[in-house]
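Below is one structure, written out as structure tokens; the observations come after it.
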There are 2 protein chains.
Amino acid sequence: MRVPYDTMKTVFRDILERHGFDSDSAETAASVFADNSLDGVYTHGLNRFPRIIKDIDEGAIDPEARAEVLESIGVFERWDGHRGFGPVNAALAIDRAMEIAKEHAVGVVALGNNNHWLRGGTYGLRAAGKGFAAVCWTNTTGNLPPWGGTSPRLGNNPLVIALPRSNGVHFVLDIAMSQFSYGKLELYRLNGRKLPYPGGYDENGKLSDDPAAIERSKRCLPIGYHKGSGLSLALDLLGSVLSKGNSVADISSMERETGLTQVMIAFSPSLIGDEGDDIIAGIIEYMKTSSPAEEGGAIYYPGEHSYQVRQDNLANGIPVIDEVWESVLRL
Amino acid sequence: MRVPYDTMKTVFRDILERHGFDSDSAETAASVFADNSLDGVYTHGLNRFPRIIKDIDEGAIDPEARAEVLESIGVFERWDGHRGFGPVNAALAIDRAMEIAKEHAVGVVALGNNNHWLRGGTYGLRAAGKGFAAVCWTNTTGNLPPWGGTSPRLGNNPLVIALPRSNGVHFVLDIAMSQFSYGKLELYRLNGRKLPYPGGYDENGKLSDDPAAIERSKRCLPIGYHKGSGLSLALDLLGSVLSKGNSVADISSMERETGLTQVMIAFSPSLIGDEGDDIIAGIIEYMKTSSPAEEGGAIYYPGEHSYQVRQDNLANGIPVIDEVWESVLRL
């Protein structure tokens with residue numbers, strides 16, 4: 001079944017309002033879920049919605065809690081998310097970073113004590129849609145061993161870098177620091193497939209492309225081996241220091257993954273302008289002249305594929321798993 | 001042979017002054033070279049020095065050109081490096097970013113039209129040594145194929161993230177977006193060794209740990225496969241847009257690698273403070289509790305190893321290749 005975007009968003013909004021969201025927050029949260037499904041990130045859209053409603057009903061997410069500023073120094077603000085709904089707080093934070101950037105070219109908001117922001121690309125797209133460039137990241141619970149170690153002590157800490165394009169096909173990079181997520185490993189295993197390249201170590205400490213072996217060892221690979229291990233650590237260090245909030249270490253000591261730290265850096269449209277738009281176009285055009293690795297293959301930039309999915313889903317409705325959609329209608 | 005740090009720096013400074021540097025720039029440039037060797041990054045210290053003097057004598061680097069500000073918007077400044085000596089200009093840029101950050105919490109300088117900055121960690125350490133956190137990156141000539149392509153269209157674009165520690169062992173991540181540099185591939189080949197994990201594709205398009213095969217195909221792997229490809233592109237896009245300077249595409253069209261773009265973001269010590277110092281210590285301590293992958297192994301953070309080398313080299317002199325040192329003494 002395919003569901004029109006507006007229908008999906010309205011259904012989400014009504015349910016969120018019935019579960020304690022005020023109308024503004026319900027609108028923002030419904031957009032986040034519906035947009036993620038619209039862009040083809042179904043795991044962080046419709047498919048995640050029932051679980052979040054459950055979290056709200058169980059009191060793990062307080063729909064009335066709203067992030068607030070604790071400290072303001074120059075173009076920097078430090079915020080407390082009060083463990084409200086992650087995406088609503090994160091949207092407030094990137095919006096505020098943009099407001100600061102509008103006045104001072106660059107704005108930075110460090111948001112501590114928030115819940116999971118769902119899909120990082122949401123905030124990159126939100127900024128790019130308004131003409132801003134953005135660098136954002138979040139920390140997570142420990143799910144990745146540091147280089148040289150076997151037990152998880154790092155987060156996969158997704159990093160987002162976004163730049164606006166006048167053609168609307170914004171550049172949005174959204175990468176976790178693990179080579180494969182546990183969700184991806186499971187998918188490969190269920191389909192009886194090997195990974196396309198090593199994704200971790202097996203229980204004997206050998207590099208492996210067997211998803212089940214990596215699930216057992218819990219030794220996922222960071223991107224770039226020691227390099228991604230260092231980058232994950234860097235993002236947690238800088239985020240935790242700026243927010244004075246919870247680090248991966250702190251979050252890992254909790255029963256559930258909550259109280260996360262997120263950082264939003266916005267760059268004003270005045271730093272980009274028409275000249276910047278041309279520069280972006282030129283760089284992307286040059287990249288696409290690389291000879292394709294597979295005959296007839298094309299080279300895409302981050303954000304391009306999800307834009308195509310978005311157009312298709314806008315025109316034809318968002319593909320849903322019927323049972324999931326029907327279960328949401330009953331919420 | 002081992003040469004005392006002060007001796008090496010004085011020798012560099014005197015030579016640079018004889019080759020057209022004023023005394024301030026000679027001091028900065030000599031420090032950069034000597035510090036790189038001191039930290040064990042010999043390729044970007046003494047061993048690179050003769051080549052740079054040659055570049056100066058041939059007019060490729062103008063020792064008198066100095067970066068200057070073109071535009072100032074809020075906490076952002078756009079600079080032109082006038083193709084002066086890369087490390088002197090880059091040091092001026094990070095110093096200015098720190099100056100802005102001191103007043104406004106965060107400062108950003110985008111430096112276009114510079115020369116190679118040598119070792120990125122230099123600017124991270126420079127900021128951390130003064131109590132600032134920093135995020136810096138540079139672009140390069142095209143030396144890495146984009147994901148899905150076989151011909152180089154991306155730079156390895158080194159990224160630096162640094163945080164200060166009160167114990168002086170600053171966190172300094174300095175990572176290029178290629179899994180292995182061509183220098184590393186050569187070293188493995190000369191030693192008759194395979195890479196510890198795949199570093200690129202061979203001429204048949206198969207992932208390979210054979211350094212010679214990758215040197216032939218010129219298909220080095222980005223860190224994290226498609227992820228590092230996207231990150232390299234993101235850094236070039238954001239850097240080129242902010243500097244309005246040369247992108248990887250522009251630099252690749254030139255006969256030599258010059259006119260590079262560098263970005264310096266500094267975060268004020270007031271955003272870190274004693275609490276931040278404790279947060280950093282706690283995160284690192286937690287990471288080190290991961291069970292070691294090899295018996296008796298230890299887990300290090302970026303910057304820790306080079307600190308140890310630094311202490312050793314300060315105490316016992318910097319190890320040099322005798323012929324290189326003697327050739328420098330004759331410059």
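How things are named: the first chain in the structure tokens is A, the next is B, and so on; residues count from 1 in each chain; ligands count from 1 in the order shown.
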
Which residues are close to Glu103 in chain A, i.e. within 10 Å by only C-alpha atoms, leaving aside same-chain residues fewer than 5 positions away? Reply as a ChimeraX atom specification.
/A:75,98,268,270 /B:73-75

For the residues in the current selection, export C-alpha atoms as a PDB file, in the first residue's frame.
ATOM      1  CA  VAL A  75      27.474  32.887  19.284  1.00  0.00           C
ATOM      2  CA  MET A  98      20.346  29.346  12.371  1.00  0.00           C
ATOM      3  CA  SER A 268      24.536  31.726   7.358  1.00  0.00           C
ATOM      4  CA  SER A 270      25.306  35.141   3.466  1.00  0.00           C
TER       5      SER A 270
ATOM      6  CA  ILE B  73      31.008  38.799   8.526  1.00  0.00           C
ATOM      7  CA  GLY B  74      30.169  38.330  12.190  1.00  0.00           C
ATOM      8  CA  VAL B  75      32.504  35.695  13.644  1.00  0.00           C
TER       9      VAL B  75
END

All strand (DSSP E) residues (DSSP, backbone) inside range 57-249 of chain A, as a ChimeraX atom specification
/A:68-73,76-80,106-114,133-138,159-163,171-175,200-201,207-208

Contact check, chain A to chain B, at most 7 Å, counting only C-alpha atoms, closest pairs as CSV:
residue,atom,partner,partner_atom,distance
A:Ile73,CA,B:Ala105,CA,6.0
A:Gly74,CA,B:His104,CA,4.1
A:Val75,CA,B:His104,CA,5.9
A:Phe76,CA,B:Ala105,CA,6.2
A:His104,CA,B:Gly74,CA,4.1
A:Ala105,CA,B:Gly74,CA,5.2
A:Val106,CA,B:Val75,CA,6.5
A:Pro146,CA,B:Met287,CA,6.8
A:Trp147,CA,B:Ile299,CA,6.9
A:Gly148,CA,B:Ala293,CA,5.3
A:Gly149,CA,B:Pro292,CA,4.3
A:Thr150,CA,B:Ala293,CA,5.4
A:Ser151,CA,B:Ser290,CA,4.9
A:Pro152,CA,B:Ser290,CA,6.8
A:Arg153,CA,B:Met287,CA,5.2
A:Ile161,CA,B:Ala234,CA,6.5
A:Leu173,CA,B:Gly230,CA,6.4
A:Ile175,CA,B:Lys227,CA,6.3
A:Gln179,CA,B:Gly224,CA,6.0
A:Ile223,CA,B:Gly224,CA,4.1
A:Gly224,CA,B:Ile223,CA,4.1
A:Lys227,CA,B:Ile175,CA,6.3
A:Gly230,CA,B:Pro302,CA,6.4
A:Ala234,CA,B:Ile161,CA,6.5
A:Leu237,CA,B:Ile280,CA,6.0
A:Val241,CA,B:Gly276,CA,4.8
A:Leu242,CA,B:Leu271,CA,6.1
A:Ser247,CA,B:Ile283,CA,6.9
A:Ala249,CA,B:Ile283,CA,6.1
A:Leu271,CA,B:Leu242,CA,6.1
A:Ile272,CA,B:Val241,CA,6.0
A:Gly276,CA,B:Val241,CA,4.8
A:Ile279,CA,B:Val241,CA,6.4
A:Ile280,CA,B:Leu237,CA,6.0
A:Ile283,CA,B:Ala249,CA,6.2
A:Tyr286,CA,B:Ala249,CA,6.3
A:Met287,CA,B:Arg153,CA,5.2
A:Ser290,CA,B:Ser151,CA,4.9
A:Ser291,CA,B:Gly149,CA,5.3
A:Pro292,CA,B:Gly149,CA,4.3
A:Ala293,CA,B:Gly149,CA,4.8
A:Ala298,CA,B:Gly148,CA,6.9
A:Ile299,CA,B:Gly148,CA,5.5
A:Tyr301,CA,B:Gly230,CA,6.9
A:Pro302,CA,B:Gly230,CA,6.3

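The protein and nucleic acid residues lying at most 7 Å from His44 in chain A are A:Phe33, A:Asn36, A:Arg48, A:Leu118, A:Arg119, with only C-alpha atoms considered and sequence neighbours fewer than 4 positions away removed.
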
Fit chain B to chain A, all Cα atoms paired in order, least squares. Then write it as a short mmCIF file (atom, residue, chain, number, x, y, z; two decimals) with C-alpha atoms, in the first residue's frame.
data_model
loop_
_atom_site.label_atom_id
_atom_site.label_comp_id
_atom_site.auth_asym_id
_atom_site.auth_seq_id
_atom_site.Cartn_x
_atom_site.Cartn_y
_atom_site.Cartn_z
CA MET B 1 0.02 0.00 -0.01
CA ARG B 2 1.12 3.61 -0.58
CA VAL B 3 -0.15 6.38 1.67
CA PRO B 4 -0.21 10.05 0.62
CA TYR B 5 2.26 12.21 2.55
CA ASP B 6 -0.43 14.56 3.87
CA THR B 7 -2.54 11.69 5.12
CA MET B 8 0.39 10.14 6.96
CA LYS B 9 1.39 13.43 8.55
CA THR B 10 -2.16 14.23 9.65
CA VAL B 11 -2.56 10.77 11.20
CA PHE B 12 0.72 11.19 13.10
CA ARG B 13 -0.21 14.67 14.27
CA ASP B 14 -3.60 13.64 15.59
CA ILE B 15 -2.14 10.66 17.47
CA LEU B 16 0.66 12.77 18.96
CA GLU B 17 -1.87 15.36 20.13
CA ARG B 18 -3.92 12.61 21.79
CA HIS B 19 -0.73 11.41 23.53
CA GLY B 20 0.14 14.70 25.17
CA PHE B 21 1.84 16.87 22.51
CA ASP B 22 0.73 20.46 22.14
CA SER B 23 -0.25 21.40 18.59
CA ASP B 24 3.09 23.05 17.64
CA SER B 25 5.17 20.10 18.84
CA ALA B 26 2.75 17.61 17.31
CA GLU B 27 3.15 19.40 13.98
CA THR B 28 6.99 19.33 14.19
CA ALA B 29 7.14 15.73 15.37
CA ALA B 30 4.63 14.54 12.77
CA SER B 31 6.67 16.25 10.04
CA VAL B 32 9.88 14.54 11.20
CA PHE B 33 8.31 11.07 11.08
CA ALA B 34 6.46 11.64 7.81
CA ASP B 35 9.48 13.28 6.14
CA ASN B 36 11.73 10.36 7.09
CA SER B 37 9.34 7.89 5.48
CA LEU B 38 8.91 10.26 2.53
CA ASP B 39 12.69 10.22 1.96
CA GLY B 40 12.80 6.43 2.10
CA VAL B 41 14.25 6.23 5.63
CA TYR B 42 11.34 4.01 6.69
CA THR B 43 13.14 2.69 9.78
CA HIS B 44 13.09 6.21 11.25
CA GLY B 45 9.61 7.12 10.01
CA LEU B 46 6.38 5.12 10.14
CA ASN B 47 8.13 1.95 11.31
CA ARG B 48 9.51 3.70 14.39
CA PHE B 49 6.31 5.57 15.24
CA PRO B 50 4.55 2.88 17.34
CA ARG B 51 7.65 2.36 19.50
CA ILE B 52 7.89 6.10 20.24
CA ILE B 53 4.23 6.28 21.22
CA LYS B 54 4.92 3.35 23.57
CA ASP B 55 7.92 5.26 25.04
CA ILE B 56 5.65 8.26 25.61
CA ASP B 57 2.92 6.17 27.22
CA GLU B 58 5.49 4.52 29.51
CA GLY B 59 6.85 7.91 30.56
CA ALA B 60 10.32 7.45 28.99
CA ILE B 61 9.69 10.48 26.78
CA ASP B 62 7.95 13.50 28.27
CA PRO B 63 5.97 15.14 25.45
CA GLU B 64 5.59 18.33 27.46
CA ALA B 65 9.30 18.78 28.28
CA ARG B 66 10.90 21.35 26.04
CA ALA B 67 14.60 22.18 25.65
CA GLU B 68 15.70 25.44 27.23
CA VAL B 69 18.82 27.53 27.14
CA LEU B 70 21.12 27.28 30.19
CA GLU B 71 23.99 29.50 29.10
CA SER B 72 24.74 31.91 26.30
CA ILE B 73 28.31 32.96 25.40
CA GLY B 74 28.83 34.92 22.21
CA VAL B 75 27.48 32.88 19.29
CA PHE B 76 27.23 29.75 21.44
CA GLU B 77 24.31 28.50 23.50
CA ARG B 78 24.18 25.54 25.85
CA TRP B 79 20.80 23.85 26.18
CA ASP B 80 19.12 21.25 28.38
CA GLY B 81 16.67 18.99 26.55
CA HIS B 82 14.99 17.83 29.77
CA ARG B 83 14.59 14.43 28.07
CA GLY B 84 11.71 15.66 25.96
CA PHE B 85 10.97 14.26 22.53
CA GLY B 86 14.33 14.19 20.71
CA PRO B 87 13.37 15.47 17.27
CA VAL B 88 11.29 18.38 18.59
CA ASN B 89 14.18 19.55 20.81
CA ALA B 90 16.75 18.98 18.06
CA ALA B 91 14.65 21.01 15.62
CA LEU B 92 14.46 23.85 18.15
CA ALA B 93 18.24 23.67 18.55
CA ILE B 94 19.10 23.82 14.83
CA ASP B 95 16.52 26.60 14.39
CA ARG B 96 18.21 28.59 17.14
CA ALA B 97 21.68 27.95 15.67
CA MET B 98 20.35 29.34 12.37
CA GLU B 99 18.91 32.38 14.14
CA ILE B 100 22.30 33.11 15.72
CA ALA B 101 24.06 32.51 12.39
CA LYS B 102 21.74 34.93 10.63
CA GLU B 103 23.07 37.67 12.86
CA HIS B 104 26.70 36.57 13.37
CA ALA B 105 27.45 34.33 10.34
CA VAL B 106 27.89 31.22 12.49
CA GLY B 107 25.77 29.88 15.36
CA VAL B 108 26.39 26.92 17.65
CA VAL B 109 23.94 25.20 19.99
CA ALA B 110 25.00 22.28 22.19
CA LEU B 111 21.97 20.38 23.43
CA GLY B 112 22.47 18.02 26.35
CA ASN B 113 20.03 15.67 28.05
CA ASN B 114 17.89 15.09 24.97
CA ASN B 115 16.39 11.90 23.57
CA HIS B 116 17.33 10.20 20.28
CA TRP B 117 17.00 12.60 17.36
CA LEU B 118 15.88 9.75 15.04
CA ARG B 119 17.44 10.60 11.66
CA GLY B 120 20.32 13.09 11.64
CA GLY B 121 19.66 14.11 8.05
CA THR B 122 16.44 15.74 9.27
CA TYR B 123 18.37 18.65 10.78
CA GLY B 124 20.76 18.98 7.85
CA LEU B 125 17.83 19.14 5.44
CA ARG B 126 16.01 21.56 7.73
CA ALA B 127 18.98 23.96 7.58
CA ALA B 128 19.69 23.48 3.87
CA GLY B 129 16.01 24.05 3.07
CA LYS B 130 16.40 27.54 4.54
CA GLY B 131 19.68 28.24 2.73
CA PHE B 132 22.04 27.46 5.62
CA ALA B 133 24.96 25.05 5.70
CA ALA B 134 25.12 22.91 8.81
CA VAL B 135 27.35 20.52 10.72
CA CYS B 136 25.49 18.46 13.35
CA TRP B 137 26.19 15.37 15.35
CA THR B 138 24.83 13.31 18.21
CA ASN B 139 26.36 10.82 20.58
CA THR B 140 24.76 7.47 21.40
CA THR B 141 25.14 4.63 23.86
CA GLY B 142 28.37 2.62 23.57
CA ASN B 143 28.03 0.23 20.62
CA LEU B 144 31.48 0.22 19.02
CA PRO B 145 34.85 -0.97 20.37
CA PRO B 146 37.67 1.59 20.30
CA TRP B 147 40.65 0.75 18.09
CA GLY B 148 42.77 -1.81 19.93
CA GLY B 149 39.89 -2.93 22.15
CA THR B 150 37.16 -5.55 21.94
CA SER B 151 34.40 -4.21 24.21
CA PRO B 152 32.14 -1.34 23.11
CA ARG B 153 33.22 1.99 24.60
CA LEU B 154 32.42 4.36 21.73
CA GLY B 155 29.13 5.45 20.17
CA ASN B 156 28.41 5.28 16.47
CA ASN B 157 27.77 9.03 16.86
CA PRO B 158 26.15 10.03 13.53
CA LEU B 159 27.63 13.09 11.84
CA VAL B 160 25.70 15.30 9.44
CA ILE B 161 27.08 17.88 7.00
CA ALA B 162 24.60 19.70 4.80
CA LEU B 163 24.84 22.38 2.12
CA PRO B 164 21.94 24.01 0.28
CA ARG B 165 21.50 23.90 -3.49
CA SER B 166 19.29 26.26 -5.46
CA ASN B 167 17.89 23.29 -7.42
CA GLY B 168 16.52 21.87 -4.18
CA VAL B 169 18.62 18.70 -4.30
CA HIS B 170 20.51 19.62 -1.15
CA PHE B 171 23.76 17.93 -0.18
CA VAL B 172 23.09 15.99 3.03
CA LEU B 173 25.73 13.64 4.39
CA ASP B 174 24.48 11.55 7.33
CA ILE B 175 27.00 8.95 8.46
CA ALA B 176 27.38 6.87 11.60
CA MET B 177 30.91 6.02 12.71
CA SER B 178 30.28 2.27 12.48
CA GLN B 179 30.75 0.68 9.07
CA PHE B 180 27.46 -1.23 9.42
CA SER B 181 24.65 -0.71 11.94
CA TYR B 182 23.31 -3.72 13.85
CA GLY B 183 20.12 -3.26 11.82
CA LYS B 184 22.09 -3.67 8.58
CA LEU B 185 23.95 -6.72 9.91
CA GLU B 186 20.61 -8.31 10.79
CA LEU B 187 19.21 -7.56 7.34
CA TYR B 188 22.20 -9.20 5.63
CA ARG B 189 21.94 -12.22 7.93
CA LEU B 190 18.20 -12.64 7.36
CA ASN B 191 18.77 -12.47 3.62
CA GLY B 192 21.53 -15.08 3.90
CA ARG B 193 24.06 -12.67 2.43
CA LYS B 194 27.68 -11.83 3.25
CA LEU B 195 28.68 -8.18 3.70
CA PRO B 196 30.23 -6.52 0.62
CA TYR B 197 33.40 -5.87 2.67
CA PRO B 198 34.63 -6.57 6.18
CA GLY B 199 32.26 -5.15 8.79
CA GLY B 200 33.90 -6.31 11.99
CA TYR B 201 35.76 -9.12 13.67
CA ASP B 202 34.59 -12.66 14.34
CA GLU B 203 35.00 -14.34 17.72
CA ASN B 204 38.55 -15.37 16.82
CA GLY B 205 39.58 -11.77 16.20
CA LYS B 206 39.71 -12.16 12.41
CA LEU B 207 38.23 -9.53 10.07
CA SER B 208 34.94 -10.90 8.82
CA ASP B 209 32.21 -10.31 6.24
CA ASP B 210 29.86 -12.71 8.04
CA PRO B 211 27.11 -10.63 9.68
CA ALA B 212 26.19 -13.33 12.23
CA ALA B 213 29.79 -13.69 13.40
CA ILE B 214 30.00 -9.93 14.01
CA GLU B 215 26.66 -9.87 15.81
CA ARG B 216 28.05 -12.55 18.13
CA SER B 217 31.41 -10.87 18.79
CA LYS B 218 29.88 -7.36 19.08
CA ARG B 219 33.09 -6.12 17.43
CA CYS B 220 31.73 -3.91 14.67
CA LEU B 221 34.31 -1.97 12.68
CA PRO B 222 34.52 1.80 12.88
CA ILE B 223 34.73 3.44 9.44
CA GLY B 224 38.36 3.56 8.40
CA TYR B 225 39.47 1.31 11.29
CA HIS B 226 41.53 3.46 13.75
CA LYS B 227 40.45 6.64 11.93
CA GLY B 228 36.72 6.23 12.60
CA SER B 229 37.50 5.16 16.16
CA GLY B 230 39.30 8.47 16.67
CA LEU B 231 36.56 10.45 14.93
CA SER B 232 33.82 8.87 17.05
CA LEU B 233 35.81 9.74 20.17
CA ALA B 234 36.41 13.32 18.93
CA LEU B 235 32.69 13.90 18.34
CA ASP B 236 31.80 12.61 21.80
CA LEU B 237 34.54 14.68 23.45
CA LEU B 238 33.65 17.93 21.72
CA GLY B 239 29.90 17.39 22.10
CA SER B 240 30.09 16.46 25.79
CA VAL B 241 32.45 19.31 26.61
CA LEU B 242 30.27 21.88 24.83
CA SER B 243 26.96 20.59 26.25
CA LYS B 244 28.36 19.61 29.68
CA GLY B 245 25.82 16.83 29.16
CA ASN B 246 26.10 13.07 29.02
CA SER B 247 28.97 11.41 27.21
CA VAL B 248 28.85 7.96 25.63
CA ALA B 249 30.28 6.70 28.94
CA ASP B 250 27.42 8.30 30.90
CA ILE B 251 24.72 7.06 28.51
CA SER B 252 26.18 3.54 28.52
CA SER B 253 25.72 3.38 32.28
CA MET B 254 21.97 3.97 31.98
CA GLU B 255 19.33 1.29 31.49
CA ARG B 256 18.05 2.84 28.28
CA GLU B 257 19.62 5.14 25.69
CA THR B 258 18.51 8.57 26.84
CA GLY B 259 19.90 11.97 27.82
CA LEU B 260 21.93 12.22 24.59
CA THR B 261 24.11 15.13 23.54
CA GLN B 262 23.66 16.86 20.19
CA VAL B 263 25.58 19.74 18.59
CA MET B 264 24.24 22.02 15.87
CA ILE B 265 26.51 24.39 13.94
CA ALA B 266 24.85 26.62 11.36
CA PHE B 267 26.52 28.76 8.67
CA SER B 268 24.54 31.72 7.36
CA PRO B 269 23.26 31.92 3.77
CA SER B 270 25.30 35.13 3.49
CA LEU B 271 28.47 32.97 3.56
CA ILE B 272 27.19 30.96 0.59
CA GLY B 273 25.25 33.12 -1.85
CA ASP B 274 24.97 32.64 -5.62
CA GLU B 275 28.72 32.21 -5.91
CA GLY B 276 28.64 29.38 -3.36
CA ASP B 277 25.79 27.73 -5.23
CA ASP B 278 27.90 27.75 -8.42
CA ILE B 279 30.92 26.39 -6.52
CA ILE B 280 28.84 23.47 -5.23
CA ALA B 281 27.50 22.75 -8.72
CA GLY B 282 31.03 22.80 -10.18
CA ILE B 283 32.46 20.42 -7.57
CA ILE B 284 29.60 17.94 -8.02
CA GLU B 285 29.81 18.14 -11.80
CA TYR B 286 33.54 17.38 -11.65
CA MET B 287 32.99 14.42 -9.33
CA LYS B 288 30.47 12.93 -11.72
CA THR B 289 33.06 12.85 -14.52
CA SER B 290 34.86 9.98 -12.75
CA SER B 291 34.65 6.81 -14.87
CA PRO B 292 31.96 4.57 -13.38
CA ALA B 293 33.16 1.44 -11.58
CA GLU B 294 30.37 -0.58 -13.16
CA GLU B 295 29.29 -0.30 -16.76
CA GLY B 296 26.40 2.12 -17.03
CA GLY B 297 26.84 3.05 -13.36
CA ALA B 298 26.40 6.61 -12.13
CA ILE B 299 28.01 8.54 -9.30
CA TYR B 300 25.71 10.13 -6.73
CA TYR B 301 26.29 12.61 -3.97
CA PRO B 302 24.78 12.26 -0.50
CA GLY B 303 21.20 13.53 -0.55
CA GLU B 304 20.63 12.87 -4.24
CA HIS B 305 19.13 9.42 -3.90
CA SER B 306 16.76 10.39 -1.08
CA TYR B 307 15.62 13.37 -3.17
CA GLN B 308 14.61 11.02 -5.96
CA VAL B 309 12.74 8.77 -3.53
CA ARG B 310 11.04 11.86 -2.11
CA GLN B 311 9.76 12.94 -5.53
CA ASP B 312 8.47 9.45 -6.24
CA ASN B 313 6.78 9.15 -2.85
CA LEU B 314 5.25 12.62 -3.13
CA ALA B 315 3.78 11.73 -6.50
CA ASN B 316 2.71 8.16 -5.77
CA GLY B 317 2.35 7.96 -1.99
CA ILE B 318 4.71 6.52 0.60
CA PRO B 319 5.11 2.71 0.51
CA VAL B 320 4.10 1.22 3.85
CA ILE B 321 3.95 -2.23 5.38
CA ASP B 322 0.17 -2.66 5.58
CA GLU B 323 0.15 -4.12 9.10
CA VAL B 324 2.32 -1.33 10.46
CA TRP B 325 0.15 1.35 8.92
CA GLU B 326 -3.02 -0.31 10.22
CA SER B 327 -1.57 -0.67 13.71
CA VAL B 328 -0.76 3.04 13.69
CA LEU B 329 -4.31 3.88 12.64
CA ARG B 330 -5.50 2.04 15.76
CA LEU B 331 -3.20 4.03 18.14
#

Would you list, as a list in words, the residues of range 73-112 of chain B that end up in alpha helix (DSSP H) under DSSP run on this structure's backbone?
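Here are the alpha helix (DSSP H) residues of range 73-112 of chain B: Gly86, Pro87, Val88, Asn89, Ala90, Ala91, Leu92, Ala93, Ile94, Asp95, Arg96, Ala97, Met98, Glu99, Ile100, Ala101, Lys102, Glu103 and His104 of chain B.
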